[in-house]
$ cat protein-v1.txt   # compact mmCIF, C-alpha atoms
# COMPACT_ATOMS: atom_id res chain seq x y z
CA MET A 125 237.69 29.03 -129.82
CA SER A 126 239.12 29.72 -126.44
CA ALA A 127 240.18 27.06 -124.00
CA PRO A 128 237.82 26.35 -121.10
CA VAL A 129 238.63 28.32 -117.96
CA LYS A 130 239.90 26.14 -115.15
CA GLN A 131 237.81 26.67 -112.02
CA PRO A 132 239.69 26.68 -108.71
CA ARG A 133 238.97 23.51 -106.76
CA GLY A 134 240.78 23.63 -103.46
CA LEU A 135 240.12 25.89 -100.53
CA PHE A 136 243.44 27.69 -100.90
CA GLU A 137 243.03 28.10 -104.66
CA ARG A 138 239.82 30.09 -104.13
CA ARG A 139 241.55 32.54 -101.79
CA PRO A 140 238.74 32.93 -99.25
CA LEU A 141 240.84 35.19 -97.04
CA ARG A 142 241.29 37.69 -99.86
CA ARG A 143 237.59 37.61 -100.59
CA ALA A 144 236.75 38.12 -96.90
CA LEU A 145 239.21 41.00 -96.62
CA ARG A 146 237.83 42.62 -99.76
CA ASN A 147 234.29 42.30 -98.33
CA TRP A 148 235.41 43.76 -94.97
CA LEU A 149 237.14 46.70 -96.65
CA GLU A 150 234.03 47.37 -98.74
CA ARG A 151 231.89 47.56 -95.58
CA HIS A 152 234.38 49.82 -93.76
CA GLN A 153 235.18 52.58 -96.24
CA HIS A 154 234.68 55.63 -94.04
CA PRO A 155 238.08 56.50 -92.50
CA PHE A 156 236.64 56.91 -88.98
CA ASN A 157 234.93 53.52 -89.15
CA PHE A 158 238.06 51.85 -90.50
CA TRP A 159 240.37 53.23 -87.80
CA ILE A 160 237.93 52.78 -84.93
CA HIS A 161 237.66 49.11 -85.91
CA LEU A 162 241.44 48.78 -85.66
CA ALA A 163 241.03 49.67 -81.97
CA GLY A 164 237.67 48.01 -81.30
CA ILE A 165 238.32 44.55 -82.75
CA PRO A 166 241.47 43.82 -80.68
CA LEU A 167 239.79 45.25 -77.57
CA ALA A 168 236.73 43.02 -77.97
CA LEU A 169 238.84 39.93 -78.74
CA GLY A 170 241.09 40.78 -75.81
CA GLY A 171 238.01 40.90 -73.59
CA ILE A 172 237.14 37.34 -74.59
CA VAL A 173 240.68 36.20 -73.80
CA LEU A 174 240.57 38.01 -70.45
CA PHE A 175 237.49 36.00 -69.43
CA PHE A 176 239.68 32.91 -69.45
CA ILE A 177 242.81 34.48 -67.97
CA LEU A 178 241.62 36.74 -65.17
CA PRO A 179 240.51 35.34 -61.82
CA TRP A 180 236.75 35.26 -61.33
CA PRO A 181 236.53 38.30 -59.01
CA LYS A 182 238.07 40.46 -61.78
CA TRP A 183 235.63 39.37 -64.54
CA TYR A 184 234.32 42.90 -64.94
CA TRP A 185 237.57 43.96 -66.69
CA ALA A 186 236.96 41.35 -69.34
CA ALA A 187 233.33 42.45 -69.71
CA ALA A 188 234.37 46.11 -69.95
CA ALA A 189 236.94 45.34 -72.65
CA PHE A 190 234.48 43.30 -74.69
CA VAL A 191 231.62 45.81 -74.40
CA GLY A 192 233.96 48.75 -75.02
CA GLY A 193 235.46 47.18 -78.13
CA TYR A 194 232.08 46.20 -79.51
CA GLY A 195 230.76 49.68 -78.66
CA LEU A 196 233.55 51.31 -80.65
CA GLN A 197 232.68 49.17 -83.66
CA TRP A 198 228.99 50.03 -83.27
CA VAL A 199 229.79 53.77 -83.27
CA GLY A 200 231.90 53.26 -86.39
CA HIS A 201 229.00 51.62 -88.20
CA ILE A 202 226.66 54.44 -87.18
CA VAL A 203 229.08 56.88 -88.82
CA GLU A 204 229.45 54.60 -91.87
CA GLY A 205 225.68 54.25 -92.25
CA ASN A 206 225.40 50.45 -92.35
CA ASP A 207 224.52 47.59 -90.01
CA LEU A 208 227.08 45.69 -87.98
CA GLY A 209 228.07 42.43 -89.64
CA GLU A 210 226.46 40.23 -87.00
CA TRP A 211 223.20 42.17 -87.08
CA ALA A 212 223.12 42.16 -90.88
CA ALA A 213 223.50 38.36 -90.85
CA ILE A 214 220.73 37.95 -88.26
CA LYS A 215 218.42 40.28 -90.19
CA ARG A 216 219.18 38.42 -93.42
CA LEU A 217 218.30 35.07 -91.78
CA LEU A 218 215.01 36.51 -90.47
CA GLY A 219 214.15 38.05 -93.82
CA LEU A 220 214.35 41.60 -92.50
CA PRO A 221 215.82 44.50 -94.46
CA TYR A 222 219.42 45.38 -93.66
CA VAL A 223 222.13 47.72 -94.91
CA GLY A 224 225.23 45.76 -95.93
CA ILE A 225 227.12 48.57 -97.62
CA ALA A 226 226.32 52.20 -96.92
CA PRO A 227 224.41 53.70 -99.88
CA ARG A 228 227.02 56.41 -100.42
CA TRP A 229 229.66 53.76 -101.17
CA GLU A 230 227.59 51.43 -103.34
CA LYS A 231 228.94 51.01 -106.84
CA ASN A 232 225.49 50.43 -108.33
CA GLY A 233 223.71 53.09 -106.26
CA PHE A 234 220.46 54.64 -107.32
CA ALA A 235 219.85 54.75 -111.03
CA GLU A 236 220.09 58.13 -112.63
CA PRO A 237 216.91 59.46 -114.20
CA GLU A 238 216.68 58.84 -117.92
CA LYS A 239 217.52 61.80 -120.15
CA LYS A 240 215.03 62.67 -122.85
CA THR A 241 216.53 63.04 -126.27
CA SER A 242 214.47 64.93 -128.81
$ encode --input "protein-v1.txt" --output "structure tokens"
Amino acid sequence: MSAPVKQPRGLFERRPLRRALRNWLERHQHPFNFWIHLAGIPLALGGIVLFFILPWPKWYWAAAAFVGGYGLQWVGHIVEGNDLGEWAAIKRLLGLPYVGIAPRWEKNGFAEPEKKTS
């Protein structure tokens, strides 16, 4: 008999950051989508920071950075063939169909037709 497997208990024993990174990499496998996200994510986050740093009359720079960064990510997901993470979560909550991972990258894609053996 084998010894029982010890289940991780604490937050850091479960390694949620590794799991989140693995999930993110699985949803961003197309090279264009991956690289465009490396530009779009910092731009969108920078736009949020700019809202708090810039004086009020210059708010449009913050809005442009946020919308531009989010737009780049949106274009990347169009190329990838899946929904943006936020939209997928909203669709999932509403019970609507969504595309988490593009069909061309799915490990368990469509089943192959059965072969007849005679």
$ closest_residue --input "protein-v1.txt" --among "A:Phe190, A:Gly195, A:Arg142, A:Pro179" --to "Pro166 of chain A" --atoms "only C-alpha atoms"
A:Phe190
$ atom_distance --input "protein-v1.txt" --atom1 "atom CA of Lys215 of chain A" --atom2 "atom CA of Ala186 of chain A"
27.9 Å
$ atom_distance --input "protein-v1.txt" --atom1 "atom CA of Ile160 of chain A" --atom2 "atom CA of Val203 of chain A"
10.5 Å
$ atom_distance --input "protein-v1.txt" --atom1 "atom CA of Gly193 of chain A" --atom2 "atom CA of Pro181 of chain A"
21.1 Å
$ residues_around --input "protein-v1.txt" --residues "Phe158 of chain A" --least-positions-apart "2" --cutoff "10 Å" --atoms "all atoms listed in the file" --output "JSON, numbers by chain"
{"A": [148, 149, 151, 152, 153, 154, 155, 156, 160, 161, 162, 163, 164, 197, 200, 201, 204]}
$ residues_around --input "protein-v1.txt" --residues "Asp207 of chain A" --least-positions-apart "3" --cutoff "8 Å" --atoms "only C-alpha atoms" --output "list in words"
His201, Ile202, Trp211, Ala212, Tyr222, Val223 and Gly224 of chain A
$ residues_around --input "protein-v1.txt" --residues "Ala187 of chain A" --least-positions-apart "4" --cutoff "9 Å" --atoms "only C-alpha atoms" --output "list in words"
Ala168, Gly171, Ile172, Leu174, Phe175, Trp183, Val191 and Gly192 of chain A
$ closest_residue --input "protein-v1.txt" --among "A:Ile177, A:Lys182, A:Asn206, A:Trp159" --to "Pro221 of chain A" --atoms "only C-alpha atoms"
A:Asn206
$ decode --input "protein-v1.txt" --residues "segment 212-233 of chain A" --atoms "C-alpha atoms" --output "short mmCIF file (atom, residue, chain, number, x, y, z; two decimals), in the first residue's frame"
data_model
loop_
_atom_site.label_atom_id
_atom_site.label_comp_id
_atom_site.auth_asym_id
_atom_site.auth_seq_id
_atom_site.Cartn_x
_atom_site.Cartn_y
_atom_site.Cartn_z
CA ALA A 212 -15.32 35.31 -20.48
CA ALA A 213 -15.93 35.69 -16.74
CA ILE A 214 -19.00 37.88 -17.29
CA LYS A 215 -20.39 35.47 -19.88
CA ARG A 216 -19.75 32.53 -17.54
CA LEU A 217 -21.64 34.28 -14.71
CA LEU A 218 -24.58 34.99 -17.04
CA GLY A 219 -24.62 31.44 -18.36
CA LEU A 220 -23.68 32.50 -21.88
CA PRO A 221 -21.31 30.55 -24.11
CA TYR A 222 -17.72 31.79 -24.17
CA VAL A 223 -14.38 30.76 -25.63
CA GLY A 224 -11.78 30.35 -22.89
CA ILE A 225 -9.05 28.74 -24.96
CA ALA A 226 -8.98 29.03 -28.73
CA PRO A 227 -10.08 25.72 -30.30
CA ARG A 228 -6.83 25.35 -32.23
CA TRP A 229 -4.87 25.20 -28.95
CA GLU A 230 -7.19 22.94 -26.96
CA LYS A 231 -5.58 19.71 -25.85
CA ASN A 232 -8.87 17.80 -25.96
CA GLY A 233 -10.15 19.37 -29.17
#
